[in-house]
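Q: Before I ask anything, here is the structure I am working with.
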4 protein chains.
Amino acid sequence: MVEARIRVIYGDTDQMGVVYHANYFRFFEFARGEYFRSRGGSYRDVEREGVMLPVIEATAAYKAPARYDDVLLVRARVSELKRASLTFTYELRREDAPHALLSTGHTVHACVGRDGKPTRLPEPLVRLLRDSP
Amino acid sequence: MVEARIRVIYGDTDQMGVVYHANYFRFFEFARGEYFRSRGGSYRDVEREGVMLPVIEATAAYKAPARYDDVLLVRARVSELKRASLTFTYELRREDAPHALLSTGHTVHACVGRDGKPTRLPEPLVRLLRDSP
Amino acid sequence: MVEARIRVIYGDTDQMGVVYHANYFRFFEFARGEYFRSRGGSYRDVEREGVMLPVIEATAAYKAPARYDDVLLVRARVSELKRASLTFTYELRREDAPHALLSTGHTVHACVGRDGKPTRLPEPLVRLLRDSP
Amino acid sequence: MVEARIRVIYGDTDQMGVVYHANYFRFFEFARGEYFRSRGGSYRDVEREGVMLPVIEATAAYKAPARYDDVLLVRARVSELKRASLTFTYELRREDAPHALLSTGHTVHACVGRDGKPTRLPEPLVRLLRDSP
């Protein structure tokens, strides 16, 4: 599990005065990147070694709004590792009110090779992502 | 059911050469707006009359990528109308390959009043949104 | 000169209730794409033939705000064609108030080859872009 | 002068494999927010006290691309303070190559009151923003 820190900018908000719903998926992506890094790797390196993990499903639930200038903490963890796909699960809170869950979500990723075809998750990647090292 | 037409720009894509997953929710929003318009109203007017329909849940499944310069057709329809919430369902295709489904999704919306509290969907809005007029 | 039509969505706005300033550059990009198309080509084809036109300078002036649900008309034209670069100039108005200029801007583009190095604008591209055909 | 740190995500890039030009203005905005904070204030508080600083002009020059996973350092400073407007100037570099300037830019901001009309920069704001405290 990793906790990424994000400051909400004006460009993230919409005219309701809250973060636009699509932008939470950007925050989730940032936390996902931090997850790779927290385990000693990076998604950039994963791609360099020849596999990509495109999003094939994305879900978010919005319980309470995030607002301009809020500092958000986004927890990301791998909740499922399959032969050729994996799932990340996210929890988003405000740093100054860490007990209230603002949003949850998940993204499912296929594992595809340079040819764009589904492929097995490489063993080093499985080791990198597995929650209990 | 309405079908909105969107041209993919460079700014919608990411370095995989496909539309970034979060941006599909922007396309869904555009189609949702067209849905209101196709029924003789507009979401802007809904807000002016005192209710807002914030997104409380959003989901997308990505089956095949949309790419730069593609013309997309996004179908939106109201798939569920409840007392104080509603669900839109979306289907996204390429105009030049309309039989292949690129993406599906839905968004659930709460109905809230000017005070930010949940409120019943106003009767005129129910009439506007109901699929069989 | 071409005039592209854009409907402002919620995702384009910020909490001031107006279109976020960075998003005008997305609108300009859309109009630029329409410019290529209005002349019988497309920027996608330009890239396929081996040159790219990355933005090396971008400017916008904001005179009056664009808002949610506005229909915008964006005029794009090539205002300068040099040996290895070109400039597009934009004017943005509301469809229902076409005499008031909301925004102006320009983008300067380098011409680079597949190797990423500056290269001369290919003759067919010059013919495509030149204002008086 | 303040230096804000930003990690480039996939959502910032486009299919050229570099950060999409419009997104630099989001990075500039983030650095501007950090500038207020580095001086003991925040733009959120400025708005709460009744003035807004909408962008009326924005410019960026792109000298070398920023890429996915890069850590960017964005310097922001107030380069001009006038009676009812001000200018921020930005410099963007990569953390691991701090001598190479990737991008420069500036944004001009009007000072407007709650009525949307231009107003003089309040004295406390001038003190907050002035470069030599």
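By order of appearance in the structure tokens: chains A, B, ..., then residues from 1 within every chain, and ligands from 1 in the order shown.
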Can you tell me, as a ChimeraX atom specification, what residues are no more than 9 Å from region 107-111 of chain D when counting only C-alpha atoms, ignoring any on the same chain fewer than 5 positions away?
A: /D:25,28,51-60,80,83-90,117-121
Q: Write out the residues from the selection above, keeping N, CA and C atoms, as a compact mmCIF listing (two decimals), in the first residue's frame.
A:
# COMPACT_ATOMS: atom_id res chain seq x y z
N PHE D 25 0.28 24.92 -18.68
CA PHE D 25 -0.41 26.00 -17.95
C PHE D 25 -0.99 25.49 -16.64
N PHE D 28 2.10 25.58 -14.47
CA PHE D 28 2.34 26.97 -14.06
C PHE D 28 1.37 27.35 -12.93
N VAL D 51 -11.26 39.12 -3.55
CA VAL D 51 -10.78 39.43 -4.90
C VAL D 51 -10.41 38.14 -5.63
N MET D 52 -10.54 38.18 -6.93
CA MET D 52 -10.12 37.07 -7.78
C MET D 52 -9.08 37.59 -8.75
N LEU D 53 -8.22 36.70 -9.18
CA LEU D 53 -7.14 37.08 -10.10
C LEU D 53 -7.22 36.25 -11.38
N PRO D 54 -8.28 36.41 -12.17
CA PRO D 54 -8.41 35.61 -13.38
C PRO D 54 -7.28 35.88 -14.38
N VAL D 55 -6.93 34.85 -15.11
CA VAL D 55 -5.89 34.96 -16.14
C VAL D 55 -6.46 35.74 -17.32
N ILE D 56 -5.77 36.81 -17.73
CA ILE D 56 -6.23 37.55 -18.90
C ILE D 56 -5.27 37.40 -20.08
N GLU D 57 -4.12 36.79 -19.81
CA GLU D 57 -3.16 36.53 -20.89
C GLU D 57 -2.26 35.40 -20.43
N ALA D 58 -1.94 34.49 -21.31
CA ALA D 58 -1.08 33.36 -20.97
C ALA D 58 -0.19 33.05 -22.15
N THR D 59 1.08 32.82 -21.87
CA THR D 59 2.05 32.52 -22.92
C THR D 59 3.00 31.44 -22.45
N ALA D 60 3.37 30.57 -23.35
CA ALA D 60 4.41 29.59 -23.05
C ALA D 60 5.29 29.40 -24.26
N GLU D 80 5.78 41.48 -12.43
CA GLU D 80 5.23 42.85 -12.53
C GLU D 80 4.01 42.97 -11.62
N ARG D 83 -1.32 48.47 -10.63
CA ARG D 83 -2.40 48.90 -9.76
C ARG D 83 -3.52 47.87 -9.67
N ALA D 84 -3.90 47.30 -10.82
CA ALA D 84 -5.04 46.37 -10.83
C ALA D 84 -4.74 45.11 -11.63
N SER D 85 -3.46 44.80 -11.79
CA SER D 85 -3.09 43.56 -12.48
C SER D 85 -1.68 43.16 -12.07
N LEU D 86 -1.32 41.94 -12.36
CA LEU D 86 0.03 41.49 -12.03
C LEU D 86 0.43 40.40 -13.01
N THR D 87 1.73 40.16 -13.10
CA THR D 87 2.27 39.17 -14.02
C THR D 87 3.14 38.17 -13.26
N PHE D 88 2.87 36.89 -13.51
CA PHE D 88 3.75 35.83 -13.02
C PHE D 88 4.61 35.34 -14.17
N THR D 89 5.85 35.03 -13.89
CA THR D 89 6.77 34.48 -14.88
C THR D 89 7.25 33.11 -14.39
N TYR D 90 7.37 32.17 -15.34
CA TYR D 90 7.66 30.77 -14.98
C TYR D 90 8.87 30.25 -15.75
N LYS D 117 -15.89 43.28 -11.30
CA LYS D 117 -15.29 44.48 -11.90
C LYS D 117 -13.84 44.65 -11.47
N PRO D 118 -13.01 45.23 -12.35
CA PRO D 118 -11.61 45.45 -12.00
C PRO D 118 -11.51 46.28 -10.73
N THR D 119 -10.56 45.93 -9.91
CA THR D 119 -10.38 46.68 -8.67
C THR D 119 -8.90 46.73 -8.36
N ARG D 120 -8.53 47.66 -7.53
CA ARG D 120 -7.14 47.81 -7.12
C ARG D 120 -6.69 46.57 -6.32
N LEU D 121 -5.45 46.15 -6.51
CA LEU D 121 -4.91 45.06 -5.70
C LEU D 121 -4.92 45.51 -4.24
Q: Sorted by chain and rising residue number, which residues of chain D lie within 6 Å of chain B, and what are their closest atom pairs and distances in Å to one decimal, counting only C-alpha atoms, as JSON lines?
A:
{"residue": "D:Thr13", "atom": "CA", "partner": "B:Asp14", "partner_atom": "CA", "distance": 4.9}
{"residue": "D:Asp14", "atom": "CA", "partner": "B:Asp14", "partner_atom": "CA", "distance": 3.9}
{"residue": "D:Gln15", "atom": "CA", "partner": "B:Gln15", "partner_atom": "CA", "distance": 4.2}
{"residue": "D:Gly17", "atom": "CA", "partner": "B:Gln15", "partner_atom": "CA", "distance": 4.4}
Q: Please produce an output containing N, CA, C and O atoms for each residue in the selection, written as a PDB file, in the first residue's frame.
A:
ATOM      1  N   THR D  13       0.463  13.500 -20.952  1.00  0.00           N
ATOM      2  CA  THR D  13       1.161  13.327 -22.226  1.00  0.00           C
ATOM      3  C   THR D  13       0.171  13.246 -23.393  1.00  0.00           C
ATOM      4  O   THR D  13      -1.033  13.111 -23.193  1.00  0.00           O
ATOM      5  N   ASP D  14       0.717  13.318 -24.608  1.00  0.00           N
ATOM      6  CA  ASP D  14      -0.107  13.069 -25.791  1.00  0.00           C
ATOM      7  C   ASP D  14       0.614  12.052 -26.673  1.00  0.00           C
ATOM      8  O   ASP D  14       1.664  11.525 -26.289  1.00  0.00           O
ATOM      9  N   GLN D  15       0.053  11.778 -27.819  1.00  0.00           N
ATOM     10  CA  GLN D  15       0.605  10.669 -28.607  1.00  0.00           C
ATOM     11  C   GLN D  15       1.962  10.957 -29.232  1.00  0.00           C
ATOM     12  O   GLN D  15       2.560  10.060 -29.819  1.00  0.00           O
ATOM     13  N   GLY D  17       4.254  11.469 -27.299  1.00  0.00           N
ATOM     14  CA  GLY D  17       5.112  10.948 -26.233  1.00  0.00           C
ATOM     15  C   GLY D  17       5.681  12.033 -25.342  1.00  0.00           C
ATOM     16  O   GLY D  17       6.626  11.807 -24.591  1.00  0.00           O
TER      17      GLY D  17
END
Q: Give me the residues within 8 Å of region 33-42 of chain D as a ChimeraX atom specification, counting only C-alpha atoms and dropping any in the same chain fewer than 5 places off.
A: /A:9 /D:1-4,76-77,128-129
Q: Could you take the residues named above and write them with all heavy atoms, as a PDB file, in the first residue's frame?
A:
ATOM      1  N   ILE A   9      -5.567  21.709  -7.893  1.00  0.00           N
ATOM      2  CA  ILE A   9      -5.435  23.028  -8.524  1.00  0.00           C
ATOM      3  C   ILE A   9      -6.793  23.456  -9.105  1.00  0.00           C
ATOM      4  O   ILE A   9      -7.739  22.665  -9.182  1.00  0.00           O
ATOM      5  CB  ILE A   9      -4.331  23.057  -9.605  1.00  0.00           C
ATOM      6  CG1 ILE A   9      -4.673  22.140 -10.797  1.00  0.00           C
ATOM      7  CG2 ILE A   9      -2.967  22.711  -9.022  1.00  0.00           C
ATOM      8  CD1 ILE A   9      -3.808  22.394 -12.022  1.00  0.00           C
TER       9      ILE A   9
ATOM     10  N   MET D   1      10.729  34.061  -5.254  1.00  0.00           N
ATOM     11  CA  MET D   1      10.802  32.948  -6.196  1.00  0.00           C
ATOM     12  C   MET D   1      10.528  31.639  -5.457  1.00  0.00           C
ATOM     13  O   MET D   1      11.019  31.433  -4.373  1.00  0.00           O
ATOM     14  CB  MET D   1      12.216  32.925  -6.820  1.00  0.00           C
ATOM     15  CG  MET D   1      12.277  32.339  -8.208  1.00  0.00           C
ATOM     16  SD  MET D   1      13.016  30.684  -8.225  1.00  0.00           S
ATOM     17  CE  MET D   1      14.423  30.854  -7.124  1.00  0.00           C
ATOM     18  N   VAL D   2       9.741  30.782  -6.087  1.00  0.00           N
ATOM     19  CA  VAL D   2       9.475  29.493  -5.464  1.00  0.00           C
ATOM     20  C   VAL D   2       9.699  28.417  -6.515  1.00  0.00           C
ATOM     21  O   VAL D   2       9.636  28.697  -7.719  1.00  0.00           O
ATOM     22  CB  VAL D   2       8.039  29.422  -4.901  1.00  0.00           C
ATOM     23  CG1 VAL D   2       7.021  29.287  -6.016  1.00  0.00           C
ATOM     24  CG2 VAL D   2       7.885  28.279  -3.914  1.00  0.00           C
ATOM     25  N   GLU D   3       9.999  27.202  -6.082  1.00  0.00           N
ATOM     26  CA  GLU D   3      10.227  26.115  -7.019  1.00  0.00           C
ATOM     27  C   GLU D   3       9.282  24.969  -6.660  1.00  0.00           C
ATOM     28  O   GLU D   3       9.419  24.357  -5.602  1.00  0.00           O
ATOM     29  CB  GLU D   3      11.692  25.673  -6.935  1.00  0.00           C
ATOM     30  CG  GLU D   3      12.137  24.923  -8.166  1.00  0.00           C
ATOM     31  CD  GLU D   3      13.666  24.922  -8.280  1.00  0.00           C
ATOM     32  OE1 GLU D   3      14.328  24.340  -7.404  1.00  0.00           O
ATOM     33  OE2 GLU D   3      14.182  25.505  -9.248  1.00  0.00           O
ATOM     34  N   ALA D   4       8.331  24.719  -7.519  1.00  0.00           N
ATOM     35  CA  ALA D   4       7.350  23.666  -7.270  1.00  0.00           C
ATOM     36  C   ALA D   4       7.768  22.401  -8.006  1.00  0.00           C
ATOM     37  O   ALA D   4       8.364  22.464  -9.071  1.00  0.00           O
ATOM     38  CB  ALA D   4       5.975  24.115  -7.755  1.00  0.00           C
ATOM     39  N   ALA D  76       8.348  29.998 -10.125  1.00  0.00           N
ATOM     40  CA  ALA D  76       7.368  31.065 -10.357  1.00  0.00           C
ATOM     41  C   ALA D  76       7.799  32.303  -9.583  1.00  0.00           C
ATOM     42  O   ALA D  76       8.290  32.196  -8.460  1.00  0.00           O
ATOM     43  CB  ALA D  76       5.988  30.627  -9.882  1.00  0.00           C
ATOM     44  N   ARG D  77       7.626  33.453 -10.207  1.00  0.00           N
ATOM     45  CA  ARG D  77       7.869  34.703  -9.486  1.00  0.00           C
ATOM     46  C   ARG D  77       6.958  35.772 -10.055  1.00  0.00           C
ATOM     47  O   ARG D  77       6.491  35.669 -11.192  1.00  0.00           O
ATOM     48  CB  ARG D  77       9.328  35.132  -9.560  1.00  0.00           C
ATOM     49  CG  ARG D  77       9.785  35.446 -10.943  1.00  0.00           C
ATOM     50  CD  ARG D  77      11.294  35.710 -10.990  1.00  0.00           C
ATOM     51  NE  ARG D  77      11.643  35.982 -12.381  1.00  0.00           N
ATOM     52  CZ  ARG D  77      11.559  37.192 -12.966  1.00  0.00           C
ATOM     53  NH1 ARG D  77      11.187  38.257 -12.270  1.00  0.00           N
ATOM     54  NH2 ARG D  77      11.850  37.340 -14.248  1.00  0.00           N
ATOM     55  N   LEU D 128       1.989  40.657   0.214  1.00  0.00           N
ATOM     56  CA  LEU D 128       2.217  39.205   0.101  1.00  0.00           C
ATOM     57  C   LEU D 128       3.030  38.867  -1.148  1.00  0.00           C
ATOM     58  O   LEU D 128       3.899  37.987  -1.128  1.00  0.00           O
ATOM     59  CB  LEU D 128       0.866  38.472   0.054  1.00  0.00           C
ATOM     60  CG  LEU D 128       0.916  36.938   0.040  1.00  0.00           C
ATOM     61  CD1 LEU D 128       1.222  36.393   1.422  1.00  0.00           C
ATOM     62  CD2 LEU D 128      -0.396  36.351  -0.467  1.00  0.00           C
ATOM     63  N   LEU D 129       2.719  39.562  -2.240  1.00  0.00           N
ATOM     64  CA  LEU D 129       3.282  39.159  -3.530  1.00  0.00           C
ATOM     65  C   LEU D 129       4.618  39.817  -3.851  1.00  0.00           C
ATOM     66  O   LEU D 129       5.364  39.307  -4.682  1.00  0.00           O
ATOM     67  CB  LEU D 129       2.287  39.490  -4.650  1.00  0.00           C
ATOM     68  CG  LEU D 129       0.997  38.678  -4.638  1.00  0.00           C
ATOM     69  CD1 LEU D 129       0.042  39.206  -5.682  1.00  0.00           C
ATOM     70  CD2 LEU D 129       1.298  37.202  -4.881  1.00  0.00           C
TER      71      LEU D 129
END
Q: Among region 14-130 of chain B, which residues carry a DSSP assignment of alpha helix (DSSP H), reported as a VMD selection string?
A: chain B and resid 23 to 38 43 to 48 123 to 129
Q: Quick one: distance from CA of Arg7 (chain B) to CA of Asp69 (chain B) in Å, one decimal?
A: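 Separation of CA of Arg7 (chain B) and CA of Asp69 (chain B): 6.0 Å.
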Q: With a distance cut-off of 10 Å and only C-alpha atoms, select the neighbouring residues of Ala100 (chain C), excluding the residue or stretch itself and same-chain residues fewer than 5 positions from it, and output the selection as a list of chain:residue names.
A: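 In the requested format, the answer is C:Lys63, C:Ala64, C:Leu92, C:Arg93, C:Arg94, C:Glu95.
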Q: Check the smallest atom-to-atom distance from each of C:Val71, C:Lys82, C:Ala61, C:Glu29 to Leu125 (chain C) using only C-alpha atoms, then report the winner.
A: C:Lys82
Q: Got a sec to tell me which of region 36-128 of chain C DSSP assigns to strand (DSSP E), as a PyMOL selection string?
A: chain C and resi 55-62+71-81+85-94+97-110
Q: Since we have the selection now, will you write its residues out, keeping N, CA and C atoms, as a CSV table (one decimal), in the first residue's frame?
A:
chain,number,residue,atom,x,y,z
C,55,VAL,N,4.0,22.2,-31.1
C,55,VAL,CA,3.8,23.6,-30.7
C,55,VAL,C,5.1,24.0,-30.0
C,56,ILE,N,5.7,25.1,-30.5
C,56,ILE,CA,6.9,25.7,-29.8
C,56,ILE,C,6.6,27.0,-29.1
C,57,GLU,N,5.4,27.5,-29.3
C,57,GLU,CA,5.0,28.8,-28.6
C,57,GLU,C,3.5,28.8,-28.7
C,58,ALA,N,2.9,29.2,-27.6
C,58,ALA,CA,1.4,29.3,-27.5
C,58,ALA,C,1.0,30.5,-26.7
C,59,THR,N,0.1,31.3,-27.2
C,59,THR,CA,-0.4,32.5,-26.5
C,59,THR,C,-1.9,32.6,-26.6
C,60,ALA,N,-2.5,33.1,-25.5
C,60,ALA,CA,-3.9,33.4,-25.5
C,60,ALA,C,-4.2,34.7,-24.7
C,61,ALA,N,-5.1,35.5,-25.2
C,61,ALA,CA,-5.6,36.6,-24.5
C,61,ALA,C,-7.1,36.4,-24.2
C,62,TYR,N,-7.5,36.6,-23.0
C,62,TYR,CA,-8.9,36.3,-22.6
C,62,TYR,C,-9.6,37.6,-22.3
C,71,VAL,N,-22.0,27.6,-27.0
C,71,VAL,CA,-21.5,27.1,-28.2
C,71,VAL,C,-20.5,28.1,-28.7
C,72,LEU,N,-19.2,27.7,-28.9
C,72,LEU,CA,-18.2,28.6,-29.3
C,72,LEU,C,-17.8,28.4,-30.8
C,73,LEU,N,-17.5,29.5,-31.4
C,73,LEU,CA,-17.0,29.4,-32.8
C,73,LEU,C,-15.5,29.8,-32.7
C,74,VAL,N,-14.7,29.0,-33.2
C,74,VAL,CA,-13.2,29.3,-33.2
C,74,VAL,C,-12.7,29.4,-34.6
C,75,ARG,N,-12.3,30.6,-35.0
C,75,ARG,CA,-11.7,30.8,-36.3
C,75,ARG,C,-10.2,30.5,-36.2
C,76,ALA,N,-9.7,29.7,-37.2
C,76,ALA,CA,-8.3,29.5,-37.3
C,76,ALA,C,-7.8,29.8,-38.7
C,77,ARG,N,-6.6,30.4,-38.7
C,77,ARG,CA,-6.0,30.6,-40.0
C,77,ARG,C,-4.5,30.6,-39.9
C,78,VAL,N,-3.8,30.3,-41.0
C,78,VAL,CA,-2.4,30.4,-41.0
C,78,VAL,C,-1.9,31.8,-41.2
C,79,SER,N,-1.3,32.4,-40.2
C,79,SER,CA,-0.9,33.8,-40.3
C,79,SER,C,0.5,34.0,-40.7
C,80,GLU,N,1.3,32.9,-40.7
C,80,GLU,CA,2.7,33.0,-41.1
C,80,GLU,C,3.2,31.6,-41.6
C,81,LEU,N,3.9,31.6,-42.7
C,81,LEU,CA,4.4,30.3,-43.2
C,81,LEU,C,5.9,30.6,-43.5
C,85,SER,N,8.8,26.5,-40.1
C,85,SER,CA,7.8,26.8,-39.0
C,85,SER,C,6.6,27.5,-39.6
C,86,LEU,N,5.6,27.5,-38.8
C,86,LEU,CA,4.4,28.2,-39.2
C,86,LEU,C,3.6,28.7,-38.0
C,87,THR,N,2.7,29.7,-38.2
C,87,THR,CA,1.9,30.2,-37.1
C,87,THR,C,0.5,30.2,-37.4
C,88,PHE,N,-0.3,29.7,-36.5
C,88,PHE,CA,-1.8,29.7,-36.6
C,88,PHE,C,-2.3,30.8,-35.7
C,89,THR,N,-3.3,31.5,-36.1
C,89,THR,CA,-3.9,32.6,-35.3
C,89,THR,C,-5.4,32.2,-35.1
C,90,TYR,N,-5.9,32.5,-33.9
C,90,TYR,CA,-7.3,32.0,-33.5
C,90,TYR,C,-8.1,33.2,-33.0
C,91,GLU,N,-9.4,33.1,-33.3
C,91,GLU,CA,-10.3,34.0,-32.7
C,91,GLU,C,-11.5,33.2,-32.2
C,92,LEU,N,-11.9,33.5,-31.0
C,92,LEU,CA,-13.0,32.7,-30.3
C,92,LEU,C,-14.1,33.5,-30.0
C,93,ARG,N,-15.3,33.1,-30.4
C,93,ARG,CA,-16.5,33.9,-30.1
C,93,ARG,C,-17.7,33.0,-29.7
C,94,ARG,N,-18.7,33.5,-29.1
C,94,ARG,CA,-19.9,32.7,-28.8
C,94,ARG,C,-20.8,32.7,-30.0
C,97,ALA,N,-23.5,35.4,-29.9
C,97,ALA,CA,-23.0,36.8,-29.8
C,97,ALA,C,-21.8,36.9,-30.6
C,98,PRO,N,-21.9,36.7,-31.9
C,98,PRO,CA,-20.7,36.6,-32.8
C,98,PRO,C,-19.9,37.9,-32.9
C,99,HIS,N,-20.4,39.0,-32.5
C,99,HIS,CA,-19.6,40.2,-32.7
C,99,HIS,C,-18.6,40.5,-31.5
C,100,ALA,N,-18.8,39.8,-30.4
C,100,ALA,CA,-17.9,40.0,-29.3
C,100,ALA,C,-16.8,38.9,-29.3
C,101,LEU,N,-15.6,39.4,-29.3
C,101,LEU,CA,-14.4,38.5,-29.3
C,101,LEU,C,-14.2,38.1,-27.9
C,102,LEU,N,-14.2,36.8,-27.6
C,102,LEU,CA,-14.0,36.3,-26.2
C,102,LEU,C,-12.5,36.1,-26.0
C,103,SER,N,-11.8,35.6,-27.0
C,103,SER,CA,-10.4,35.3,-26.9
C,103,SER,C,-9.7,35.3,-28.2
C,104,THR,N,-8.4,35.6,-28.2
C,104,THR,CA,-7.6,35.5,-29.4
C,104,THR,C,-6.3,34.7,-28.9
C,105,GLY,N,-5.6,34.2,-29.9
C,105,GLY,CA,-4.4,33.5,-29.6
C,105,GLY,C,-3.7,33.1,-30.8
C,106,HIS,N,-2.5,32.5,-30.6
C,106,HIS,CA,-1.8,31.9,-31.7
C,106,HIS,C,-0.9,30.8,-31.2
C,107,THR,N,-0.5,30.0,-32.1
C,107,THR,CA,0.5,28.9,-31.8
C,107,THR,C,1.5,28.9,-32.9
C,108,VAL,N,2.7,28.7,-32.5
C,108,VAL,CA,3.8,28.6,-33.5
C,108,VAL,C,4.3,27.1,-33.5
C,109,HIS,N,4.4,26.6,-34.7
C,109,HIS,CA,4.8,25.2,-34.8
C,109,HIS,C,6.1,25.0,-35.6
C,110,ALA,N,7.0,24.2,-35.0
C,110,ALA,CA,8.2,23.8,-35.7
C,110,ALA,C,7.8,22.7,-36.7
Q: Kindly give the distance, in Å, that separates CA of Arg5 (chain D) and CA of Ile6 (chain A), rounded to a single decimal.
A: 11.2 Å
